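Below is one structure, written out as structure tokens; comments come after it.
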Amino acid sequence: MDPVRIGFIGCGRHASLNRLPCVFYAPVELVGLCDLVEERARNLGLKIGCGHVYTDHQRLLADDRLEAVVVAVRPEAFLRVVRDALAAGKHVFMEKPPGDTLEESREMASLTEKSGLVVQVGFNKRFAPAYRRARAIVREGGLGEVSHYSGKFSTGRFPPSPGGWQFLREQAIHQLDLVRYLMGEVAELTALRNSAGGLETYDALLRFASGAIGVLTSGEHYSWNKPNERVEIAGQGRWLAIDDVIHLTEHPAIPLGTEPVSGDEPSLLWEPTFAMPGARSLLLQGYAYELAAFAEAVRGQRQEGASYIEDAWKSMQLARAVHESNGRTVRPADF
Ligand SMILES: NC(=O)c1ccc[n+]([C@@H]2O[C@H](COP(=O)([O-])OP(=O)(O)OC[C@H]3O[C@@H](n4cnc5c(N)ncnc54)[C@H](O)[C@@H]3O)[C@@H](O)[C@H]2O)c1
């Protein structure tokens, strides 16, 4: 496959540390870098040997060699940059969240549909091998009919987010998108919020369109440096758990009355190796795979389950429903 010629718009923290290194794992060629702060783009260019540096994204978009852009600006700036990129006929990989508000993500979805271009949102957890494997197990019937989901993503302090919306749309959104990826759409939910100490925690009870139920916790009352993410999915006679994105265990469910265990089957544990070279974190958290999938989508091979904006805006809809619930039962589809 011919490498897709890309440019970066936004050369801040995430672009530098997590996204730029992914170019070594994806069929892409970097042709330009842009940041409002020239020094940031220039420093990144120096590290990777790219001298085409801009401070105005329109000038980068005017480069005829460019086929696509990776947009890593703050959420408030996404709509303008994505609109300009589509108008210039360029495909877009944008970091999450898809816009500042639900309305903006809907607008980007509609602009994208009209353009026929690819706009993929950086919901990297969809490309984490453990979550992909879990989804395959669920979809292939490995758990039987799925009955229950439990998800927790609780870290330390996130940048202050008055009113909780910024936290939901920028941090909890990873978990809200993941639940849709693994379980399908949420039909209704009831959410509570705790803002003790100026930090946010949201708990939500979920009923899925499939009939399964679930519970989801996302907050900043825990720690960034300790295990902070766990997902469990139960079916009939089997359940699985994913700890900290990389440990996937399939467990048999033992019906009451058969203990002490006799004839019990063992649990199956899948874990990646860290003994091999390569930027394991970029691979296991999905960052590198999602950029490679984007390049393939630009070349006409869209990947099932990837987060294109035409679907990704619904994760913002789920975030809005959690935000508005305040103890009431609400339907995401009504927002
Ligand atoms: N998927 C993940 O795990 C993950 C992790 C961190 C951040 N992110 C997302 O990445 C995005 C960027 O976050 P960050 O922490 O790197 O922010 P940041 O503030 O460090 O970087 C943003 C950069 O964009 C530049 N910028 C803003 N408007 C611009 C424009 N019109 N043209 C060119 N440059 C422009 C700013 O000057 C800044 O350098 C956010 O949307 C964030 O949610 C995703």
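Going by the structure tokens order, chains are called A, B, ..., each with residues numbered from 1, while ligands are numbered from 1 in the order shown.
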Give the strand (DSSP E or B) residues of segment 114-277 of chain A, as assigned by DSSP on the backbone, as a VMD selection string. chain A and resid 119 to 122 148 to 154 186 to 194 201 to 208 213 to 219 229 to 234 238 to 243 247 to 252 268 to 270
Ligand 1 neighbours within 7 Å using only C-alpha atoms and all ligand atoms, as a list in words: Ile9, Gly10, Cys11, Gly12, Arg13, His14, Ala15, Cys34, Asp35, Leu36, Val37, Arg40, Thr55, Asp56, His57, Ala72, Val73, Arg74, Pro75, Ala77, Val81, Glu95, Lys96, Pro97, Gly122, Phe123, Asn124 and Glu170 of chain A
Neighbouring residues of Gln303 of chain A were defined as those with any atom within 9 Å, considering only C-alpha atoms; residues of the same chain fewer than 5 positions away were excluded. Please report them as a list in words.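 So, after excluding close chain neighbours, the residues are Ala293, Phe294, Glu296 and Ala297 of chain A.
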Got time to write the residues from that selection, all heavy atoms, as a PDB file, in the first residue's frame?
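Result file is part_22.pdb:
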```
ATOM      1  N   ALA A 293      -5.119   1.647  10.900  1.00  0.00           N
ATOM      2  CA  ALA A 293      -6.469   1.405  10.369  1.00  0.00           C
ATOM      3  C   ALA A 293      -6.977   2.641   9.628  1.00  0.00           C
ATOM      4  O   ALA A 293      -7.676   2.530   8.612  1.00  0.00           O
ATOM      5  CB  ALA A 293      -7.427   1.050  11.505  1.00  0.00           C
ATOM      6  N   PHE A 294      -6.625   3.815  10.132  1.00  0.00           N
ATOM      7  CA  PHE A 294      -7.027   5.054   9.450  1.00  0.00           C
ATOM      8  C   PHE A 294      -6.417   5.102   8.052  1.00  0.00           C
ATOM      9  O   PHE A 294      -7.108   5.398   7.058  1.00  0.00           O
ATOM     10  CB  PHE A 294      -6.605   6.273  10.275  1.00  0.00           C
ATOM     11  CG  PHE A 294      -6.783   7.583   9.562  1.00  0.00           C
ATOM     12  CD1 PHE A 294      -8.060   8.042   9.254  1.00  0.00           C
ATOM     13  CD2 PHE A 294      -5.683   8.358   9.199  1.00  0.00           C
ATOM     14  CE1 PHE A 294      -8.239   9.254   8.583  1.00  0.00           C
ATOM     15  CE2 PHE A 294      -5.847   9.568   8.538  1.00  0.00           C
ATOM     16  CZ  PHE A 294      -7.130  10.019   8.225  1.00  0.00           C
ATOM     17  N   GLU A 296      -5.523   2.678   6.199  1.00  0.00           N
ATOM     18  CA  GLU A 296      -6.219   1.704   5.346  1.00  0.00           C
ATOM     19  C   GLU A 296      -7.587   2.228   4.916  1.00  0.00           C
ATOM     20  O   GLU A 296      -8.009   2.031   3.777  1.00  0.00           O
ATOM     21  CB  GLU A 296      -6.355   0.367   6.075  1.00  0.00           C
ATOM     22  CG  GLU A 296      -5.052  -0.418   6.047  1.00  0.00           C
ATOM     23  CD  GLU A 296      -4.999  -1.539   7.068  1.00  0.00           C
ATOM     24  OE1 GLU A 296      -6.068  -1.987   7.513  1.00  0.00           O
ATOM     25  OE2 GLU A 296      -3.872  -1.951   7.412  1.00  0.00           O
ATOM     26  N   ALA A 297      -8.272   2.908   5.831  1.00  0.00           N
ATOM     27  CA  ALA A 297      -9.593   3.466   5.487  1.00  0.00           C
ATOM     28  C   ALA A 297      -9.449   4.526   4.396  1.00  0.00           C
ATOM     29  O   ALA A 297     -10.271   4.602   3.478  1.00  0.00           O
ATOM     30  CB  ALA A 297     -10.258   4.050   6.733  1.00  0.00           C
TER      31      ALA A 297
END
```
Leu318 of chain A surroundings by only C-alpha atoms, 8 Å radius, close-in-sequence under 2 positions cut, as number ranges by chain: A: 176, 186, 314-316, 320-322, 332
Could you check the closest approach to Leu17 of chain A for each of A:Leu168, A:Lys47, A:Val121, A:Asp2 and tell me which residue wins, using only C-alpha atoms?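 Between A:Leu168, A:Lys47, A:Val121, A:Asp2, the residue approaching Leu17 of chain A most closely is A:Lys47.
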Do you know which residues are at most 10 Å from Gly286 of chain A counting only C-alpha atoms, after dropping those on the same chain fewer than 6 positions away, and could you put them as number ranges by chain? A: 22, 122-132, 245, 280
Atoms to include: N, CA, C and O atoms. Write the selected residues as an mmCIF file, in the first residue's frame.
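result36.cif, written as the output of this step:
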```cif
data_model
loop_
_atom_site.group_PDB
_atom_site.id
_atom_site.type_symbol
_atom_site.label_atom_id
_atom_site.label_comp_id
_atom_site.auth_asym_id
_atom_site.auth_seq_id
_atom_site.Cartn_x
_atom_site.Cartn_y
_atom_site.Cartn_z
ATOM 1 N N CYS A 22 3.552 6.874 16.613
ATOM 2 C CA CYS A 22 2.749 5.882 15.865
ATOM 3 C C CYS A 22 3.057 5.897 14.375
ATOM 4 O O CYS A 22 2.737 4.930 13.675
ATOM 5 N N GLY A 122 -10.184 9.286 17.582
ATOM 6 C CA GLY A 122 -9.180 8.529 18.339
ATOM 7 C C GLY A 122 -9.698 7.871 19.594
ATOM 8 O O GLY A 122 -9.220 8.154 20.696
ATOM 9 N N PHE A 123 -10.660 6.959 19.437
ATOM 10 C CA PHE A 123 -11.082 6.128 20.569
ATOM 11 C C PHE A 123 -10.195 4.887 20.562
ATOM 12 O O PHE A 123 -10.579 3.816 20.097
ATOM 13 N N ASN A 124 -8.977 5.079 21.080
ATOM 14 C CA ASN A 124 -7.939 4.063 20.927
ATOM 15 C C ASN A 124 -8.263 2.738 21.614
ATOM 16 O O ASN A 124 -7.761 1.691 21.217
ATOM 17 N N LYS A 125 -9.151 2.776 22.631
ATOM 18 C CA LYS A 125 -9.442 1.517 23.342
ATOM 19 C C LYS A 125 -10.077 0.493 22.405
ATOM 20 O O LYS A 125 -9.945 -0.712 22.610
ATOM 21 N N ARG A 126 -10.753 0.957 21.366
ATOM 22 C CA ARG A 126 -11.337 0.025 20.392
ATOM 23 C C ARG A 126 -10.268 -0.797 19.674
ATOM 24 O O ARG A 126 -10.586 -1.796 19.042
ATOM 25 N N PHE A 127 -9.022 -0.318 19.701
ATOM 26 C CA PHE A 127 -7.947 -1.017 19.004
ATOM 27 C C PHE A 127 -7.001 -1.732 19.965
ATOM 28 O O PHE A 127 -6.004 -2.297 19.540
ATOM 29 N N ALA A 128 -7.290 -1.673 21.260
ATOM 30 C CA ALA A 128 -6.466 -2.396 22.232
ATOM 31 C C ALA A 128 -6.734 -3.893 22.044
ATOM 32 O O ALA A 128 -7.890 -4.318 22.054
ATOM 33 N N PRO A 129 -5.687 -4.696 21.849
ATOM 34 C CA PRO A 129 -5.904 -6.121 21.538
ATOM 35 C C PRO A 129 -6.811 -6.841 22.542
ATOM 36 O O PRO A 129 -7.617 -7.678 22.145
ATOM 37 N N ALA A 130 -6.712 -6.536 23.831
ATOM 38 C CA ALA A 130 -7.540 -7.261 24.818
ATOM 39 C C ALA A 130 -9.023 -6.939 24.614
ATOM 40 O O ALA A 130 -9.881 -7.826 24.710
ATOM 41 N N TYR A 131 -9.338 -5.678 24.320
ATOM 42 C CA TYR A 131 -10.752 -5.322 24.104
ATOM 43 C C TYR A 131 -11.262 -5.886 22.769
ATOM 44 O O TYR A 131 -12.420 -6.271 22.656
ATOM 45 N N ARG A 132 -10.382 -5.926 21.791
ATOM 46 C CA ARG A 132 -10.805 -6.512 20.497
ATOM 47 C C ARG A 132 -11.126 -7.989 20.682
ATOM 48 O O ARG A 132 -12.094 -8.517 20.156
ATOM 49 N N VAL A 245 -6.468 -2.997 30.896
ATOM 50 C CA VAL A 245 -6.360 -3.015 29.433
ATOM 51 C C VAL A 245 -5.588 -4.211 28.865
ATOM 52 O O VAL A 245 -5.724 -4.530 27.696
ATOM 53 N N ARG A 280 5.422 -1.160 23.342
ATOM 54 C CA ARG A 280 4.295 -1.990 23.749
ATOM 55 C C ARG A 280 3.082 -1.158 24.135
ATOM 56 O O ARG A 280 1.955 -1.516 23.865
#
```
Write out as a ChimeraX atom specification which residues come within 9 Å of segment 144-154 of chain A when counting only C-alpha atoms, dropping same-chain ones fewer than 4 positions away. /A:138,140,172,174-175,179,183,201,206,210-224,227-239
Take the residues from that selection and put them in a file with N, CA, C and O atoms, as a short mmCIF file (atom, residue, chain, number, x, y, z; two decimals), in the first residue's frame.
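Below is the file that was written, part-v7.cif:
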```cif
data_model
loop_
_atom_site.label_atom_id
_atom_site.label_comp_id
_atom_site.auth_asym_id
_atom_site.auth_seq_id
_atom_site.Cartn_x
_atom_site.Cartn_y
_atom_site.Cartn_z
N VAL A 138 -17.56 -12.04 22.67
CA VAL A 138 -18.98 -11.71 22.86
C VAL A 138 -19.76 -11.94 21.57
O VAL A 138 -20.81 -12.59 21.56
N GLU A 140 -19.03 -13.71 18.95
CA GLU A 140 -19.06 -15.09 18.44
C GLU A 140 -19.85 -16.01 19.36
O GLU A 140 -19.85 -17.23 19.19
N ALA A 172 -14.22 10.52 30.68
CA ALA A 172 -15.15 9.39 30.79
C ALA A 172 -15.59 8.90 29.40
O ALA A 172 -16.00 7.75 29.25
N HIS A 174 -13.97 7.86 26.98
CA HIS A 174 -13.28 6.63 26.60
C HIS A 174 -14.10 5.42 27.03
O HIS A 174 -14.27 4.45 26.30
N GLN A 175 -14.61 5.48 28.27
CA GLN A 175 -15.36 4.36 28.83
C GLN A 175 -16.75 4.26 28.21
O GLN A 175 -17.27 3.18 28.00
N VAL A 179 -18.06 0.98 26.14
CA VAL A 179 -19.24 0.19 26.47
C VAL A 179 -20.09 -0.02 25.22
O VAL A 179 -20.65 -1.10 24.99
N MET A 183 -20.80 -3.70 23.93
CA MET A 183 -22.16 -4.16 24.29
C MET A 183 -23.25 -3.66 23.36
O MET A 183 -24.39 -4.07 23.49
N THR A 201 -17.00 12.11 40.14
CA THR A 201 -17.23 10.67 39.92
C THR A 201 -18.67 10.50 39.46
O THR A 201 -19.59 11.09 40.05
N LEU A 206 -27.19 0.97 33.62
CA LEU A 206 -27.49 0.94 32.19
C LEU A 206 -28.44 -0.20 31.84
O LEU A 206 -28.34 -1.28 32.42
N SER A 210 -29.98 -4.58 23.87
CA SER A 210 -30.01 -6.05 23.81
C SER A 210 -30.82 -6.66 24.94
O SER A 210 -31.13 -7.85 24.91
N GLY A 211 -31.11 -5.87 25.99
CA GLY A 211 -31.79 -6.40 27.17
C GLY A 211 -30.84 -6.61 28.34
O GLY A 211 -31.27 -6.72 29.50
N ALA A 212 -29.52 -6.66 28.07
CA ALA A 212 -28.54 -6.81 29.16
C ALA A 212 -28.57 -5.55 30.03
O ALA A 212 -29.05 -4.49 29.60
N ILE A 213 -28.08 -5.68 31.27
CA ILE A 213 -27.97 -4.52 32.14
C ILE A 213 -26.50 -4.32 32.52
O ILE A 213 -25.68 -5.20 32.30
N GLY A 214 -26.20 -3.16 33.12
CA GLY A 214 -24.81 -2.92 33.47
C GLY A 214 -24.65 -1.75 34.42
O GLY A 214 -25.60 -1.01 34.70
N VAL A 215 -23.42 -1.64 34.91
CA VAL A 215 -23.08 -0.52 35.79
C VAL A 215 -21.72 0.01 35.37
O VAL A 215 -20.83 -0.74 35.00
N LEU A 216 -21.62 1.33 35.39
CA LEU A 216 -20.41 1.99 34.89
C LEU A 216 -19.98 3.06 35.89
O LEU A 216 -20.81 3.86 36.32
N THR A 217 -18.70 3.06 36.23
CA THR A 217 -18.15 4.09 37.11
C THR A 217 -17.01 4.78 36.40
O THR A 217 -16.15 4.10 35.83
N SER A 218 -17.02 6.09 36.44
CA SER A 218 -15.88 6.81 35.88
C SER A 218 -15.64 8.03 36.76
O SER A 218 -16.59 8.77 37.06
N GLY A 219 -14.42 8.22 37.19
CA GLY A 219 -14.19 9.34 38.09
C GLY A 219 -12.73 9.68 38.22
O GLY A 219 -11.86 9.06 37.62
N GLU A 220 -12.48 10.69 39.06
CA GLU A 220 -11.10 11.14 39.29
C GLU A 220 -10.78 11.12 40.78
O GLU A 220 -9.94 11.88 41.25
N HIS A 221 -11.50 10.27 41.56
CA HIS A 221 -11.23 10.16 42.99
C HIS A 221 -10.23 9.06 43.31
O HIS A 221 -10.00 8.73 44.48
N TYR A 222 -9.61 8.45 42.29
CA TYR A 222 -8.66 7.36 42.54
C TYR A 222 -7.25 7.81 42.16
O TYR A 222 -6.82 8.88 42.58
N SER A 223 -6.55 7.06 41.33
CA SER A 223 -5.13 7.36 41.09
C SER A 223 -4.77 7.11 39.63
O SER A 223 -5.26 6.17 39.01
N TRP A 224 -3.87 7.93 39.11
CA TRP A 224 -3.37 7.71 37.75
C TRP A 224 -2.37 6.56 37.71
O TRP A 224 -2.20 5.91 36.69
N PRO A 227 -3.57 0.51 39.22
CA PRO A 227 -4.52 -0.07 38.28
C PRO A 227 -5.85 0.68 38.36
O PRO A 227 -6.38 0.88 39.46
N ASN A 228 -6.36 1.13 37.24
CA ASN A 228 -7.55 2.00 37.32
C ASN A 228 -8.64 1.66 36.30
O ASN A 228 -9.60 2.42 36.17
N GLU A 229 -8.48 0.55 35.60
CA GLU A 229 -9.50 0.24 34.61
C GLU A 229 -9.85 -1.25 34.66
O GLU A 229 -8.94 -2.10 34.66
N ARG A 230 -11.13 -1.55 34.75
CA ARG A 230 -11.57 -2.96 34.78
C ARG A 230 -12.92 -3.08 34.09
O ARG A 230 -13.80 -2.24 34.29
N VAL A 231 -13.05 -4.11 33.29
CA VAL A 231 -14.33 -4.40 32.61
C VAL A 231 -14.67 -5.86 32.86
O VAL A 231 -13.79 -6.72 32.79
N GLU A 232 -15.93 -6.12 33.18
CA GLU A 232 -16.40 -7.52 33.30
C GLU A 232 -17.65 -7.67 32.43
O GLU A 232 -18.49 -6.77 32.40
N ILE A 233 -17.73 -8.81 31.75
CA ILE A 233 -18.94 -9.10 30.97
C ILE A 233 -19.37 -10.52 31.29
O ILE A 233 -18.56 -11.46 31.21
N ALA A 234 -20.63 -10.66 31.69
CA ALA A 234 -21.15 -11.99 32.05
C ALA A 234 -22.17 -12.44 31.02
O ALA A 234 -22.98 -11.64 30.53
N GLY A 235 -22.10 -13.73 30.71
CA GLY A 235 -23.11 -14.32 29.81
C GLY A 235 -23.87 -15.38 30.57
O GLY A 235 -24.33 -15.16 31.69
N GLN A 236 -23.99 -16.54 29.95
CA GLN A 236 -24.67 -17.66 30.60
C GLN A 236 -23.63 -18.77 30.76
O GLN A 236 -23.23 -19.37 29.78
N GLY A 237 -23.17 -18.96 31.98
CA GLY A 237 -22.22 -20.04 32.22
C GLY A 237 -20.77 -19.65 32.01
O GLY A 237 -19.87 -20.47 32.16
N ARG A 238 -20.55 -18.39 31.62
CA ARG A 238 -19.18 -17.92 31.39
C ARG A 238 -19.12 -16.43 31.58
O ARG A 238 -20.08 -15.73 31.30
N TRP A 239 -18.01 -15.93 32.03
CA TRP A 239 -17.82 -14.49 32.09
C TRP A 239 -16.36 -14.16 31.84
O TRP A 239 -15.50 -15.04 31.92
#
```
Can you work out the spacing between atom CA of Arg193 of chain A and atom CA of Arg180 of chain A in Å, to one decimal?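 Between atom CA of Arg193 of chain A and atom CA of Arg180 of chain A the gap is 20.8 Å.
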Near Ile246 of chain A, counting only C-alpha atoms, which residues have an atom at most 8 Å away, once you skip same-chain residues fewer than 2 positions from it, shown as a list in words? Pro129, Ala130, Ile242, Asp243, Asp244, Leu248, Glu271, Pro272 and Leu284 of chain A
Gap from atom CA of His91 of chain A to atom CA of Arg302 of chain A - Å, one decimal: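 Separating atom CA of His91 of chain A from atom CA of Arg302 of chain A is a distance of 12.8 Å.
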